[in-house]
Number of protein chains: 2
Amino acid sequence: MHFFEDIEVGQRREAGSFTFTAEDIKRFARQFDPQRFHLSEEEGRNSLFGGLAASGWHVASVCMKMMVADGQREAREAAARGERVAVWGPSPGFRELRWLQPVLVGDTLSFAGIVEAKRTSASRPEWGIVQIRNSGTNQRGELAFSFLATAFVPRQGAGA
Amino acid sequence: MHFFEDIEVGQRREAGSFTFTAEDIKRFARQFDPQRFHLSEEEGRNSLFGGLAASGWHVASVCMKMMVADGQREAREAAARGERVAVWGPSPGFRELRWLQPVLVGDTLSFAGIVEAKRTSASRPEWGIVQIRNSGTNQRGELAFSFLATAFVPRQGAGA
């Protein structure tokens with residue numbers, strides 16, 4: 001995880017890819033979104049989705065999983081090099097979440113984030129605020145999912 | 001589930017409440033958001049959250065769970081009265097998702113949705129578009145979570 005000063009607008013971070021299996025899709029759906037097109041192949045085929053489709057909240061949660069795993073890997077590598085690791089603050093929310101394409105069983109999404117803006121915080125000088133557009137692109141190169149995340153990122157001068 | 005014509009701006013729908021247990025919080029975190037303050041009471045207490053905190057994506061997923069359960073209950077009741085039940089379309093996304101208060105172990109959120117706007121779709125005359133502000137309020141009456149959802153809702157004339 002980087003400090004505010006190390007982050008540049010336009011920076012892109014690849015967070016790896018994830019293939020949605022029928023078991024994954026149905027398990028999430030049973031817990032959190034038991035709509036028929038998320039629970040049954042046949043119902044999915046007969047729906048507007050045209051196949052067993054992952055819940056949009058499942059897609060968002062998998063994106064988080066990939067981003068967290070990537071951040072933890074990066075932090076371990078930085079620590080192994082003896083570098084100071086920045087601890088990002090909690091996110092206050094995000095904007096413009098879009099489900100642009102269905103995510104069907106067997107689809108593979110590749111997740112990435114691109115820095116769209118950064119600014120210092122007037123009220124909290126030890127933190128910067130970074131806006132990152134996170135996205136998931138499917139195996140056909142179609143943008144399937146995106147949202148604009150806001151993160152509090154510590155500044156170099158701050159203890160971390 | 002209502003048809004477009006039956007929905008009025010300002011309508012409020014209560015979707016029930018949910019208490020976040022340590023087991024729920026950690027299970028979601030292990031699957032999708034394995035950050036330390038979502039996995040351990042002690043790490044949570046030592047974090048900005050001040051306690052074991054649910055992942056924001058867990059809060060969003062539980063909100064979905066409550067909304068789906070409420071919609072299914074309503075659809076069963078309408079079907080039992082012999083009424084036609086509207087089948088809502090998939091959501092294209094939402095805006096302004098806000099995590100306003102931490103959701104800590106033992107907190108109970110009450111979920112509700114309020115209709116903020118409705119309009120017909122020029123390109124798809126069989127559908128209306130409804131914007132609903134969904135929210136979760138904790139046991140102290142504090143708004144903890146909200147987002148503005150967009151839904152495609154069938155019109156009375158359309159087959160459903």
# chains A, B, ... in the order shown; residues from 1 in each chain; ligands from 1

call {"tool": "closest_atom_pairs", "arguments": {"of": "chain B", "to": "chain A", "cutoff": "6 Å", "atoms": "only C-alpha atoms", "output": "tab-separated table"}}
result
residue	atom	partner	partner_atom	distance
B:Phe32	CA	A:Lys65	CA	4.4
B:Asp33	CA	A:Lys65	CA	5.3
B:Ser61	CA	A:Phe32	CA	5.7
B:Lys65	CA	A:Phe32	CA	4.4
B:Pro92	CA	A:Trp99	CA	5.3
B:Gly93	CA	A:Arg98	CA	4.3
B:Phe94	CA	A:Leu97	CA	5.4
B:Arg95	CA	A:Glu96	CA	4.8
B:Glu96	CA	A:Arg95	CA	4.8
B:Leu97	CA	A:Phe94	CA	5.4
B:Arg98	CA	A:Gly93	CA	4.4
B:Trp99	CA	A:Gly93	CA	5.3

call {"tool": "residues_around", "arguments": {"residues": "Gly16 of chain B", "least_positions_apart": "2", "cutoff": "8 Å", "atoms": "only C-alpha atoms", "output": "PyMOL selection string"}}
result
chain B and resi 14+18+66+70+110-112

call {"tool": "residues_around", "arguments": {"residues": "segment 22-25 of chain A", "least_positions_apart": "4", "cutoff": "10 Å", "atoms": "only C-alpha atoms", "output": "ChimeraX atom specification"}}
result
/A:29-30,33,38-41,52-55,58-59,103-106

call {"tool": "select_by_dssp", "arguments": {"residues": "segment 35-128 of chain A", "states": "strand (DSSP E or B)", "output": "list of chain:residue names"}}
result
A:Ala53, A:Gly93, A:Phe94, A:Arg95, A:Glu96, A:Leu97, A:Arg98, A:Trp99, A:Leu104, A:Thr108, A:Leu109, A:Ser110, A:Phe111, A:Ala112, A:Gly113, A:Ile114, A:Val115, A:Glu116, A:Ala117, A:Lys118, A:Arg119, A:Thr120, A:Trp127, A:Gly128

call {"tool": "select_by_dssp", "arguments": {"residues": "chain B", "states": "alpha helix (DSSP H)", "output": "ChimeraX atom specification"}}
result
/B:22-32,41-45,56-80

call {"tool": "closest_residue", "arguments": {"among": "A:Ser17, A:Gln156, A:Gln131, A:Gln139", "to": "Lys118 of chain A", "atoms": "only C-alpha atoms"}}
result
A:Gln131

call {"tool": "decode", "arguments": {"residues": "segment 11-27 of chain B", "atoms": "all heavy atoms", "output": "PDB file, in the first residue's frame"}}
result
ATOM      1  N   GLN B  11     -43.116   7.054  -1.135  1.00  0.00           N
ATOM      2  CA  GLN B  11     -43.483   5.771  -0.493  1.00  0.00           C
ATOM      3  C   GLN B  11     -42.293   5.196   0.252  1.00  0.00           C
ATOM      4  O   GLN B  11     -41.178   5.191  -0.269  1.00  0.00           O
ATOM      5  CB  GLN B  11     -43.913   4.749  -1.546  1.00  0.00           C
ATOM      6  CG  GLN B  11     -45.404   4.716  -1.790  1.00  0.00           C
ATOM      7  CD  GLN B  11     -45.766   3.753  -2.913  1.00  0.00           C
ATOM      8  OE1 GLN B  11     -44.896   3.229  -3.602  1.00  0.00           O
ATOM      9  NE2 GLN B  11     -47.052   3.547  -3.111  1.00  0.00           N
ATOM     10  N   ARG B  12     -42.567   4.687   1.435  1.00  0.00           N
ATOM     11  CA  ARG B  12     -41.516   4.102   2.252  1.00  0.00           C
ATOM     12  C   ARG B  12     -41.824   2.632   2.496  1.00  0.00           C
ATOM     13  O   ARG B  12     -42.983   2.268   2.730  1.00  0.00           O
ATOM     14  CB  ARG B  12     -41.462   4.850   3.591  1.00  0.00           C
ATOM     15  CG  ARG B  12     -40.302   4.463   4.464  1.00  0.00           C
ATOM     16  CD  ARG B  12     -40.349   5.267   5.764  1.00  0.00           C
ATOM     17  NE  ARG B  12     -39.538   4.593   6.760  1.00  0.00           N
ATOM     18  CZ  ARG B  12     -38.242   4.825   6.949  1.00  0.00           C
ATOM     19  NH1 ARG B  12     -37.629   5.749   6.237  1.00  0.00           N
ATOM     20  NH2 ARG B  12     -37.561   4.143   7.848  1.00  0.00           N
ATOM     21  N   ARG B  13     -40.805   1.818   2.448  1.00  0.00           N
ATOM     22  CA  ARG B  13     -40.986   0.382   2.660  1.00  0.00           C
ATOM     23  C   ARG B  13     -39.989  -0.068   3.713  1.00  0.00           C
ATOM     24  O   ARG B  13     -38.788   0.205   3.601  1.00  0.00           O
ATOM     25  CB  ARG B  13     -40.715  -0.297   1.324  1.00  0.00           C
ATOM     26  CG  ARG B  13     -40.427  -1.756   1.355  1.00  0.00           C
ATOM     27  CD  ARG B  13     -40.061  -2.189  -0.064  1.00  0.00           C
ATOM     28  NE  ARG B  13     -39.487  -3.520  -0.094  1.00  0.00           N
ATOM     29  CZ  ARG B  13     -38.748  -3.999  -1.077  1.00  0.00           C
ATOM     30  NH1 ARG B  13     -38.467  -3.240  -2.133  1.00  0.00           N
ATOM     31  NH2 ARG B  13     -38.262  -5.213  -1.030  1.00  0.00           N
ATOM     32  N   GLU B  14     -40.490  -0.696   4.764  1.00  0.00           N
ATOM     33  CA  GLU B  14     -39.621  -1.226   5.819  1.00  0.00           C
ATOM     34  C   GLU B  14     -39.252  -2.651   5.416  1.00  0.00           C
ATOM     35  O   GLU B  14     -40.120  -3.427   5.029  1.00  0.00           O
ATOM     36  CB  GLU B  14     -40.358  -1.257   7.156  1.00  0.00           C
ATOM     37  CG  GLU B  14     -40.961   0.052   7.601  1.00  0.00           C
ATOM     38  CD  GLU B  14     -39.923   1.075   8.002  1.00  0.00           C
ATOM     39  OE1 GLU B  14     -38.798   0.674   8.363  1.00  0.00           O
ATOM     40  OE2 GLU B  14     -40.242   2.284   7.946  1.00  0.00           O
ATOM     41  N   ALA B  15     -37.987  -2.996   5.536  1.00  0.00           N
ATOM     42  CA  ALA B  15     -37.560  -4.333   5.114  1.00  0.00           C
ATOM     43  C   ALA B  15     -37.022  -5.166   6.275  1.00  0.00           C
ATOM     44  O   ALA B  15     -36.390  -6.188   6.044  1.00  0.00           O
ATOM     45  CB  ALA B  15     -36.529  -4.222   3.997  1.00  0.00           C
ATOM     46  N   GLY B  16     -37.277  -4.734   7.497  1.00  0.00           N
ATOM     47  CA  GLY B  16     -36.873  -5.555   8.638  1.00  0.00           C
ATOM     48  C   GLY B  16     -35.477  -5.228   9.132  1.00  0.00           C
ATOM     49  O   GLY B  16     -34.773  -4.388   8.565  1.00  0.00           O
ATOM     50  N   SER B  17     -35.079  -5.889  10.197  1.00  0.00           N
ATOM     51  CA  SER B  17     -33.789  -5.575  10.819  1.00  0.00           C
ATOM     52  C   SER B  17     -32.927  -6.824  10.948  1.00  0.00           C
ATOM     53  O   SER B  17     -33.422  -7.954  10.887  1.00  0.00           O
ATOM     54  CB  SER B  17     -34.009  -4.921  12.178  1.00  0.00           C
ATOM     55  OG  SER B  17     -34.675  -5.817  13.035  1.00  0.00           O
ATOM     56  N   PHE B  18     -31.640  -6.597  11.111  1.00  0.00           N
ATOM     57  CA  PHE B  18     -30.647  -7.679  11.129  1.00  0.00           C
ATOM     58  C   PHE B  18     -29.576  -7.326  12.149  1.00  0.00           C
ATOM     59  O   PHE B  18     -29.062  -6.213  12.143  1.00  0.00           O
ATOM     60  CB  PHE B  18     -30.026  -7.820   9.735  1.00  0.00           C
ATOM     61  CG  PHE B  18     -29.023  -8.940   9.608  1.00  0.00           C
ATOM     62  CD1 PHE B  18     -29.433 -10.215   9.229  1.00  0.00           C
ATOM     63  CD2 PHE B  18     -27.671  -8.728   9.857  1.00  0.00           C
ATOM     64  CE1 PHE B  18     -28.517 -11.256   9.101  1.00  0.00           C
ATOM     65  CE2 PHE B  18     -26.749  -9.759   9.739  1.00  0.00           C
ATOM     66  CZ  PHE B  18     -27.178 -11.026   9.368  1.00  0.00           C
ATOM     67  N   THR B  19     -29.238  -8.271  13.015  1.00  0.00           N
ATOM     68  CA  THR B  19     -28.177  -8.072  14.005  1.00  0.00           C
ATOM     69  C   THR B  19     -26.908  -8.778  13.537  1.00  0.00           C
ATOM     70  O   THR B  19     -26.939  -9.967  13.212  1.00  0.00           O
ATOM     71  CB  THR B  19     -28.620  -8.612  15.374  1.00  0.00           C
ATOM     72  OG1 THR B  19     -29.801  -7.907  15.775  1.00  0.00           O
ATOM     73  CG2 THR B  19     -27.529  -8.399  16.424  1.00  0.00           C
ATOM     74  N   PHE B  20     -25.812  -8.046  13.487  1.00  0.00           N
ATOM     75  CA  PHE B  20     -24.538  -8.569  12.995  1.00  0.00           C
ATOM     76  C   PHE B  20     -23.792  -9.281  14.116  1.00  0.00           C
ATOM     77  O   PHE B  20     -23.346  -8.646  15.064  1.00  0.00           O
ATOM     78  CB  PHE B  20     -23.690  -7.425  12.426  1.00  0.00           C
ATOM     79  CG  PHE B  20     -24.211  -6.903  11.113  1.00  0.00           C
ATOM     80  CD1 PHE B  20     -25.317  -6.059  11.074  1.00  0.00           C
ATOM     81  CD2 PHE B  20     -23.622  -7.271   9.915  1.00  0.00           C
ATOM     82  CE1 PHE B  20     -25.827  -5.596   9.871  1.00  0.00           C
ATOM     83  CE2 PHE B  20     -24.123  -6.813   8.703  1.00  0.00           C
ATOM     84  CZ  PHE B  20     -25.221  -5.967   8.680  1.00  0.00           C
ATOM     85  N   THR B  21     -23.665 -10.603  14.011  1.00  0.00           N
ATOM     86  CA  THR B  21     -22.912 -11.367  15.012  1.00  0.00           C
ATOM     87  C   THR B  21     -21.442 -11.429  14.600  1.00  0.00           C
ATOM     88  O   THR B  21     -21.089 -11.208  13.435  1.00  0.00           O
ATOM     89  CB  THR B  21     -23.443 -12.814  15.118  1.00  0.00           C
ATOM     90  OG1 THR B  21     -23.135 -13.490  13.885  1.00  0.00           O
ATOM     91  CG2 THR B  21     -24.940 -12.845  15.356  1.00  0.00           C
ATOM     92  N   ALA B  22     -20.584 -11.764  15.554  1.00  0.00           N
ATOM     93  CA  ALA B  22     -19.150 -11.920  15.264  1.00  0.00           C
ATOM     94  C   ALA B  22     -18.951 -13.006  14.211  1.00  0.00           C
ATOM     95  O   ALA B  22     -18.120 -12.858  13.293  1.00  0.00           O
ATOM     96  CB  ALA B  22     -18.395 -12.268  16.550  1.00  0.00           C
ATOM     97  N   GLU B  23     -19.723 -14.074  14.302  1.00  0.00           N
ATOM     98  CA  GLU B  23     -19.571 -15.175  13.345  1.00  0.00           C
ATOM     99  C   GLU B  23     -19.902 -14.712  11.923  1.00  0.00           C
ATOM    100  O   GLU B  23     -19.166 -14.999  10.979  1.00  0.00           O
ATOM    101  CB  GLU B  23     -20.487 -16.325  13.778  1.00  0.00           C
ATOM    102  CG  GLU B  23     -20.212 -17.621  13.069  1.00  0.00           C
ATOM    103  CD  GLU B  23     -21.283 -18.667  13.379  1.00  0.00           C
ATOM    104  OE1 GLU B  23     -21.851 -18.635  14.490  1.00  0.00           O
ATOM    105  OE2 GLU B  23     -21.554 -19.492  12.487  1.00  0.00           O
ATOM    106  N   ASP B  24     -21.024 -13.986  11.769  1.00  0.00           N
ATOM    107  CA  ASP B  24     -21.396 -13.445  10.453  1.00  0.00           C
ATOM    108  C   ASP B  24     -20.299 -12.539   9.898  1.00  0.00           C
ATOM    109  O   ASP B  24     -19.938 -12.624   8.726  1.00  0.00           O
ATOM    110  CB  ASP B  24     -22.649 -12.546  10.567  1.00  0.00           C
ATOM    111  CG  ASP B  24     -23.918 -13.312  10.849  1.00  0.00           C
ATOM    112  OD1 ASP B  24     -24.016 -14.477  10.442  1.00  0.00           O
ATOM    113  OD2 ASP B  24     -24.816 -12.716  11.492  1.00  0.00           O
ATOM    114  N   ILE B  25     -19.831 -11.631  10.748  1.00  0.00           N
ATOM    115  CA  ILE B  25     -18.855 -10.628  10.303  1.00  0.00           C
ATOM    116  C   ILE B  25     -17.583 -11.306   9.819  1.00  0.00           C
ATOM    117  O   ILE B  25     -17.045 -10.987   8.757  1.00  0.00           O
ATOM    118  CB  ILE B  25     -18.559  -9.629  11.454  1.00  0.00           C
ATOM    119  CG1 ILE B  25     -19.792  -8.743  11.711  1.00  0.00           C
ATOM    120  CG2 ILE B  25     -17.323  -8.787  11.145  1.00  0.00           C
ATOM    121  CD1 ILE B  25     -19.673  -7.839  12.936  1.00  0.00           C
ATOM    122  N   LYS B  26     -17.117 -12.286  10.615  1.00  0.00           N
ATOM    123  CA  LYS B  26     -15.847 -12.948  10.261  1.00  0.00           C
ATOM    124  C   LYS B  26     -16.009 -13.861   9.048  1.00  0.00           C
ATOM    125  O   LYS B  26     -15.083 -13.983   8.250  1.00  0.00           O
ATOM    126  CB  LYS B  26     -15.330 -13.751  11.460  1.00  0.00           C
ATOM    127  CG  LYS B  26     -14.906 -12.863  12.633  1.00  0.00           C
ATOM    128  CD  LYS B  26     -14.436 -13.733  13.800  1.00  0.00           C
ATOM    129  CE  LYS B  26     -14.299 -12.909  15.068  1.00  0.00           C
ATOM    130  NZ  LYS B  26     -13.893 -13.752  16.208  1.00  0.00           N
ATOM    131  N   ARG B  27     -17.158 -14.509   8.923  1.00  0.00           N
ATOM    132  CA  ARG B  27     -17.355 -15.413   7.782  1.00  0.00           C
ATOM    133  C   ARG B  27     -17.334 -14.624   6.473  1.00  0.00           C
ATOM    134  O   ARG B  27     -16.676 -15.016   5.513  1.00  0.00           O
ATOM    135  CB  ARG B  27     -18.676 -16.184   7.920  1.00  0.00           C
ATOM    136  CG  ARG B  27     -18.847 -17.241   6.810  1.00  0.00           C
ATOM    137  CD  ARG B  27     -20.028 -18.143   7.081  1.00  0.00           C
ATOM    138  NE  ARG B  27     -21.202 -17.332   7.358  1.00  0.00           N
ATOM    139  CZ  ARG B  27     -22.147 -17.627   8.251  1.00  0.00           C
ATOM    140  NH1 ARG B  27     -22.065 -18.729   8.947  1.00  0.00           N
ATOM    141  NH2 ARG B  27     -23.182 -16.829   8.450  1.00  0.00           N
TER     142      ARG B  27
END
